[in-house]
Structure formats: structure tokens, C-alpha cells
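Trainee: Got a structure here, written out as C-alpha cells. Questions coming.
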Amino acid sequence: MAEPRRKMKDLRKQPGFDFMAWFCIVFLYAPIVVLIIFSFNDNRSVVRWTEFSLRWYYAAFDNEGIRNATIVSLKVAAVSTLFATTFATMAALATTRTPPFRGQMLSYAIINQPLMIPEIVTAVATLSFFSIIKQLTGVTGIGYLMLAHTVFCIPFAYMPIRARLEDMNLTLEQAAADLYATPIQVFRKVTMPLLAPGIVAGGMLAFVVSLDDVIITLMVAGPGETTLPVYILGQIRRGITPEINAVSTLLLLLSIVLVSAFFTLGSKKK
Amino acid sequence: MGAVQHSGADARLDEARRRVEADTRRRRRQLLAPTLIVIGVFGLFPLTITLIYSFLSPGVYGGVTWEFSTDAYVQFLFERDIFDDTLSFSGTYLSIYGRSIGLAFGATVGALLIGFPTAYFIASKPPSQRNFWLFLITLPFWTNLLIRTYAVLLIIRDEGIVNLSLQSIGLIDQPLTILYTDFAVFLGLIYSYLPFMVLPLYASLEKLDFRLVEAAYDLYATRFQVLRHVIVPMAKPGIVAGCILVFIPGLGAYITPELLGGGKELMIGNLIALQFGGSRNWPFGSAAALILMVVVMMSLIVYVRYAGKEGNSHG
């Protein structure tokens, strides 16, 4: 019994493949790990370790530029996540809970459009469009940035919500309808509670994607609308400072926590 | 009498069915409207603006003046002499496109060479361990690209950890200049988009029937022959998809060349961004963006053709 099993495993192996896989993981994680470790270094250096210290974190919290940029980032991410997730939920219900329709493919293409066009193209196109609107209406403000983020967050929110709806058993909804529940009751009492994890997951992805965006924000943001990544980019261009390592680590950890939560949410449903 | 009643019931049933269908259609329209309007108006429509802008004249302080002009496209290929207004061919911008295509292609090959063994390794793990490995591969994709690129910058600097370790073990005396070279951009592009390569490769390798591998060995195939004639052909859809997913964002990359190329190793993304920032020629920037779109579309067409042909040949 043990003999053929071992042979099977052996056959699957290709020389050097295991090494490449481990190399891949080290390659992906080594830079991040170095950044995180040295953000706790007392020294200014990112090479020579002297002593554990939180001084760069304190320095970052004291930095007004960083504080303001964080607030802008959170505001933009919160608003665009709210809108993107709401719209994506509605769209996902429309594409999974009604019979197939003409234009379904076109709808998918439109929803996924922000993913298919290079970000730099979207960025300059949005900038050009907004500049026309601003000229015509005279309206300025952070709303433009939130709108731009909502557009590219929708497909990210849509994916897990649609996947959840497709996995969900229709019989429960049908049973509720058979028991004389109105469509609204079915939605509130059956569909919604079952769909909730999908919506939370979609919202988290949208939030992470909004929080991480650089290129579109760089182009679209007006004065005083600097988000944290754009602020970090500006600082890196001027030179490397340990505060930036600390802020980067925090932002990195926030994404890691949210995405890990997303994955646990996804695996728990089974 | 009975027949009449029957047809009356039929008519009522039809009527009810029609009403339900109309209801469904209305609900669907209402549910889809916000998404389609927001993306249509603020995602798709701006591309038409870019097209229009590319045929206008640049404004003095950025923006455009509404005068028709093909200068943006002419400027892409020719240089206008300041004195006698004659045009002479200039390869400056073409070479930026050429360099970007070369770097993106190189990064695609590099990512394939690292990604394929990795995806195969994960697919040959027992199912219980696969999810964890996939999580490890996916996680960097969801973390901030700017910060990851910055982390690469930190370790490949002249005084970075790579150079210091090489010096301390005595392999080199002087630090190697890696940062601000094409090689750094190449490395950064692989680093940024490697997860895009591994995931589709895994998706097709996961379906690989290992009995075929066994059969090949029974027929005295060597390991390399098995790889070449059994595993790779089966993974072809994944290879094509992975290459497209690395090549396209690599082509339009902005952050990687900006940080690791130090701005002087210009790629298309930087060229476009520069036209809307420092050097302020919006029509030229719009034209450059559209030309990038055309290159992307062409690679997508190649992909669709290729994937389509694959599908046919397998029946």
C-alpha cells in the first residue's frame, strides 16, 4: 500500500521545481519582511540593525502631512466602498437572480471594464473628463476623487458577491416564496442574511483597492486631497526616511489583515 | 363553451406570464442601472474625451485649446524643425514604446520561468495544503504595489542589503549598481505581477490528470519529455492567460519605472503621466494613451485568436 503511493508522489516531481517554488515565496516576501523589520530599527539605517524601537512610528503619528493624508485616504475609501458595494450588490442580484437576458455579456463587459484598461489610460481619461466638468460647472472638491475610486472599486466588490450568489442554494428562496413571503420579505429574511458574507468580502476588497490606489489618485486628486500612498510616493521621490518605512508597514499590515479576513470568510462558508 | 373557457384561461395565463416577465425586466433594469451608468459615464465615456483631446492643440498651462490638429500623432513619429518647420523622422517615442514592450515581454518570460514551477508545485501538493500556498501567492497582490516596489528599492540600493551581503562575503568589492537600471525595472515588473502568472497557471495545472504523466513514464518518457509533451501542452491555456495578465499591466506600468528606473529609464506609463504633469501636452499624452490602448488591444486579439484555436484543436 505504501509502496505505490510513494512511487506516485515521486513521479509528480520535476527536477528543480520545488526549489523554484520556494525561491518564488522568498522573492515575493523578502523585500516586505526587510521593510517591516527595519521600520522597528532605532537607527536611520535600513541595513544595520541597532536596537528595537518604535520611535519612527511615533514620528509618523506626529507628522501632520501623514495624519492628513491618512484621513483623506480613509474618507475616500469609506465613501467609495459604500457606493461601490451597494451598486455591485444590486448588479450581482440582477445578473444572477433573473433569467439570462440579451445584453448580459455586454453588462459583464461594462462591469469589468475598469479591469481591462491600463490604469494610466483610465487615469488620464478621467482627468480630462473631470477637467471639462470642472470648467463647465465650476464645482470642485473631493467628490471627484470618490467618484473615480467608486468606478474602479465596483468590479472588485462585484466578484465575491456574484460568486456567493451563484453558490447559494435557490431552494431556500423558492421555499420562502412558496410560503407566501413577498419578494421583499424573501430578500430581507432569506437572501440578505445568506449573502451578507459575500457583501462584507466584496466591501473589504473594494476598501483595500481604494486604499492602495496611486496612479488614478495622483492624476485626479486636487490640492489638499493627497491620499496616503500619494504622500508616500512624494516622500520617496525626495529621499528615504524612516517615518515612511513605519507608515508603509502600517498600511501593509492593514491590507494583510483585511485580506486574511477575506480569505477566512471565504473558507468558512464551506 | 368549454373550449372558449379554456382559451380564456390560457389568455389570462399568458397575460400573467407577460406581466411577470415585464416585472422581471423592470427590476433588472433598476438593479443594473447605477453600476452601468456610473461605469459608463465615468469609466467608458472619458475614453472618448481622450480620443477627442488627441486631435486638439495643447493649451498653454495644460489642458487643451479647441483647435483641430493632428500634431500629437505627427509628433509621435517626427520632429518638427524649429526654423523651417520641416519634419524629420524621430525615433525617440517609438524607442520608448519599444523599450516598454521589451521590458514587459522580458518580465513576462521571467515570471513564467518562476511561476510555472511554482504553480506545478502547488498543484502537486495534497488539496489540504494548496489553499495555504495559494494564499501566500495571492497576498502580495492585494498589498500596496507602491510599498512593495519601495521595499524592492530598499534592498537593491547601492547600500542595500543585497549589496552589503555580497560585499561582506567578499564576492564583490564595489557595490553593484542595480537600482536605476533597466535590470531593476525588469526585476520590479516580475516582482509586481508574478501572482498574476501563478494563479491562471495553477488553475489549469490543477486539472492535470496525473495518470497521463504516469502513462508517459510507462512508455519510457524521460522527465523532460513528460514536461514538454504532457504537462506543458495541458497547461497551455493557463500559460497564455498568465502571460497576457503579466504583459498588459507591465506595459502600462508607472510606479515600477518611476521608482526603480529613477525616472530616466522612461516607459510608456511615465511618458503619458509626464504629458499631464511637468511638460503639459495633453493632446500628445492622450495620443500616447490611445496608442498604448491599441497595443493592448492587439495583444488581447492575439490572445483570443490563440485561445480560440486551442479550443478548436481539442474539439
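Residues are named by chain letter and number: chains run A, B, ... in the order of the C-alpha cells, numbers start at 1 in each chain, and ligands are numbered from 1 in the order shown.
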Extract the full set of helix (DSSP H, G or I) residues from segment 12-85 of chain A according to DSSP on the backbone, and format it as a ChimeraX atom specification.
Mentor: /A:12,17-39,55-62,64-85
Trainee: Determine, counting only C-alpha atoms, which protein, DNA and RNA residues have an atom within 9 Å of an atom of segment 137-139 of chain B; residues of the same chain fewer than 2 positions away are not included. Present the result as a ChimeraX atom specification.
Mentor: /A:24-25,28,255-256,259-260 /B:132-135,141-143,194-196,198-199
Trainee: Rounded to one decimal, what separation in Å do you get between atom CA of Val294 of chain B and atom CA of Glu119 of chain A?
Mentor: 14.4 Å
Trainee: Between B:Met197, B:Ile268, B:Leu259, B:Leu166, which residue has the minimum interatomic distance to Arg148 of chain B, considering only C-alpha atoms?
Mentor: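 Of the candidates, the smallest distance to Arg148 of chain B is held by B:Leu259.
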Trainee: Quick check: residues of chain A within 7 Å of chain B, only C-alpha atoms, returned as number ranges by chain.
Mentor: A: 11-12, 14, 17-18, 20-21, 24, 28, 31-32, 35, 47, 87-88, 90-91, 94, 98, 110-111, 114, 118, 120-121, 125-126, 128-129, 151, 212, 248, 252, 255-256
Trainee: Could you tell me how far atom CA of Tyr231 of chain A sits from atom CA of Gly65 of chain A, in Å to one decimal place?
Mentor: 7.8 Å
Trainee: Pick from B:Leu271, B:Ile244, B:Leu13, B:Ala216: nearest to Phe76 of chain B, with only C-alpha atoms counted?
Mentor: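 Nearest to Phe76 of chain B: B:Leu271.
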Trainee: Looking at only C-alpha atoms, which of A:Ile236, A:Ile66, A:Ala221, A:Val257 is the one that sits closest to Leu145 of chain A?
Mentor: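 The closest residue to Leu145 of chain A is A:Ala221.
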Trainee: Mind checking which residues fall within 6 Å of Leu179 of chain B, counting only C-alpha atoms, ignoring those fewer than 4 positions away in the same chain, and posting them as a list in words?
Mentor: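 In the requested format, the answer is Arg157, Ala184 and Leu260 of chain B.
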Trainee: Report as a list in words all protein, DNA and RNA residues lying within 7 Å of Ala157 of chain A, evaluated on only C-alpha atoms, omitting residues in the same chain fewer than 2 positions from it.
Mentor: Ala84, Thr85, Ala88, Cys153, Ile154, Pro155, Met159, Pro160, Ile161, Gly202, Gly203, Leu205 and Ala206 of chain A
Trainee: What does the file look like for those residues with N, CA and C atoms, as a PDB file, in the first residue's frame?
Mentor:
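This is the output file selection-v7.pdb:
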```pdb
ATOM      1  N   ALA A  84     -19.639  51.614  -4.088  1.00  0.00           N
ATOM      2  CA  ALA A  84     -19.270  50.516  -4.990  1.00  0.00           C
ATOM      3  C   ALA A  84     -19.930  49.219  -4.540  1.00  0.00           C
ATOM      4  N   THR A  85     -19.958  48.956  -3.225  1.00  0.00           N
ATOM      5  CA  THR A  85     -20.524  47.703  -2.733  1.00  0.00           C
ATOM      6  C   THR A  85     -22.033  47.676  -2.945  1.00  0.00           C
ATOM      7  N   ALA A  88     -22.620  47.216  -6.658  1.00  0.00           N
ATOM      8  CA  ALA A  88     -22.190  45.880  -7.083  1.00  0.00           C
ATOM      9  C   ALA A  88     -23.186  44.822  -6.604  1.00  0.00           C
ATOM     10  N   CYS A 153     -13.612  50.458  -8.052  1.00  0.00           N
ATOM     11  CA  CYS A 153     -13.882  49.514  -6.953  1.00  0.00           C
ATOM     12  C   CYS A 153     -15.034  48.566  -7.284  1.00  0.00           C
ATOM     13  N   ILE A 154     -15.940  48.986  -8.174  1.00  0.00           N
ATOM     14  CA  ILE A 154     -17.141  48.177  -8.443  1.00  0.00           C
ATOM     15  C   ILE A 154     -16.790  46.742  -8.862  1.00  0.00           C
ATOM     16  N   PRO A 155     -15.910  46.535  -9.861  1.00  0.00           N
ATOM     17  CA  PRO A 155     -15.650  45.134 -10.252  1.00  0.00           C
ATOM     18  C   PRO A 155     -15.051  44.293  -9.125  1.00  0.00           C
ATOM     19  N   MET A 159     -17.144  40.830  -7.815  1.00  0.00           N
ATOM     20  CA  MET A 159     -16.691  39.433  -7.976  1.00  0.00           C
ATOM     21  C   MET A 159     -17.122  38.517  -6.829  1.00  0.00           C
ATOM     22  N   PRO A 160     -16.754  38.818  -5.561  1.00  0.00           N
ATOM     23  CA  PRO A 160     -17.151  37.886  -4.492  1.00  0.00           C
ATOM     24  C   PRO A 160     -18.647  37.837  -4.261  1.00  0.00           C
ATOM     25  N   ILE A 161     -19.351  38.961  -4.498  1.00  0.00           N
ATOM     26  CA  ILE A 161     -20.800  38.963  -4.258  1.00  0.00           C
ATOM     27  C   ILE A 161     -21.490  38.065  -5.279  1.00  0.00           C
ATOM     28  N   GLY A 202     -16.764  41.549  -0.459  1.00  0.00           N
ATOM     29  CA  GLY A 202     -16.657  42.497  -1.566  1.00  0.00           C
ATOM     30  C   GLY A 202     -16.281  43.879  -1.073  1.00  0.00           C
ATOM     31  N   GLY A 203     -16.902  44.292   0.024  1.00  0.00           N
ATOM     32  CA  GLY A 203     -16.599  45.596   0.597  1.00  0.00           C
ATOM     33  C   GLY A 203     -15.143  45.698   1.023  1.00  0.00           C
ATOM     34  N   LEU A 205     -12.553  44.018  -0.190  1.00  0.00           N
ATOM     35  CA  LEU A 205     -11.685  44.120  -1.361  1.00  0.00           C
ATOM     36  C   LEU A 205     -11.728  45.535  -1.933  1.00  0.00           C
ATOM     37  N   ALA A 206     -12.938  46.084  -2.029  1.00  0.00           N
ATOM     38  CA  ALA A 206     -13.078  47.440  -2.558  1.00  0.00           C
ATOM     39  C   ALA A 206     -12.276  48.418  -1.695  1.00  0.00           C
TER      40      ALA A 206
END
```
Trainee: Might you pull out every residue within 7 Å of Ile96 of chain B, with only C-alpha atoms counted and same-chain residues fewer than 3 positions away left off, and present them as a PyMOL selection string?
Mentor: chain B and resi 92-93+99-100+266-268
Trainee: Write a file of the selected residues as an mmCIF file, in the first residue's frame, keeping C-alpha atoms.
Mentor:
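Final output, result_25.cif:
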```
data_model
loop_
_atom_site.group_PDB
_atom_site.id
_atom_site.type_symbol
_atom_site.label_atom_id
_atom_site.label_comp_id
_atom_site.auth_asym_id
_atom_site.auth_seq_id
_atom_site.Cartn_x
_atom_site.Cartn_y
_atom_site.Cartn_z
ATOM 1 C CA THR B 92 12.528 58.944 -29.549
ATOM 2 C CA TYR B 93 8.965 58.000 -28.705
ATOM 3 C CA ARG B 99 11.704 49.571 -24.627
ATOM 4 C CA SER B 100 8.403 49.144 -22.755
ATOM 5 C CA LEU B 266 11.236 56.033 -19.229
ATOM 6 C CA MET B 267 8.389 53.651 -20.019
ATOM 7 C CA ILE B 268 5.043 54.394 -21.710
#
```
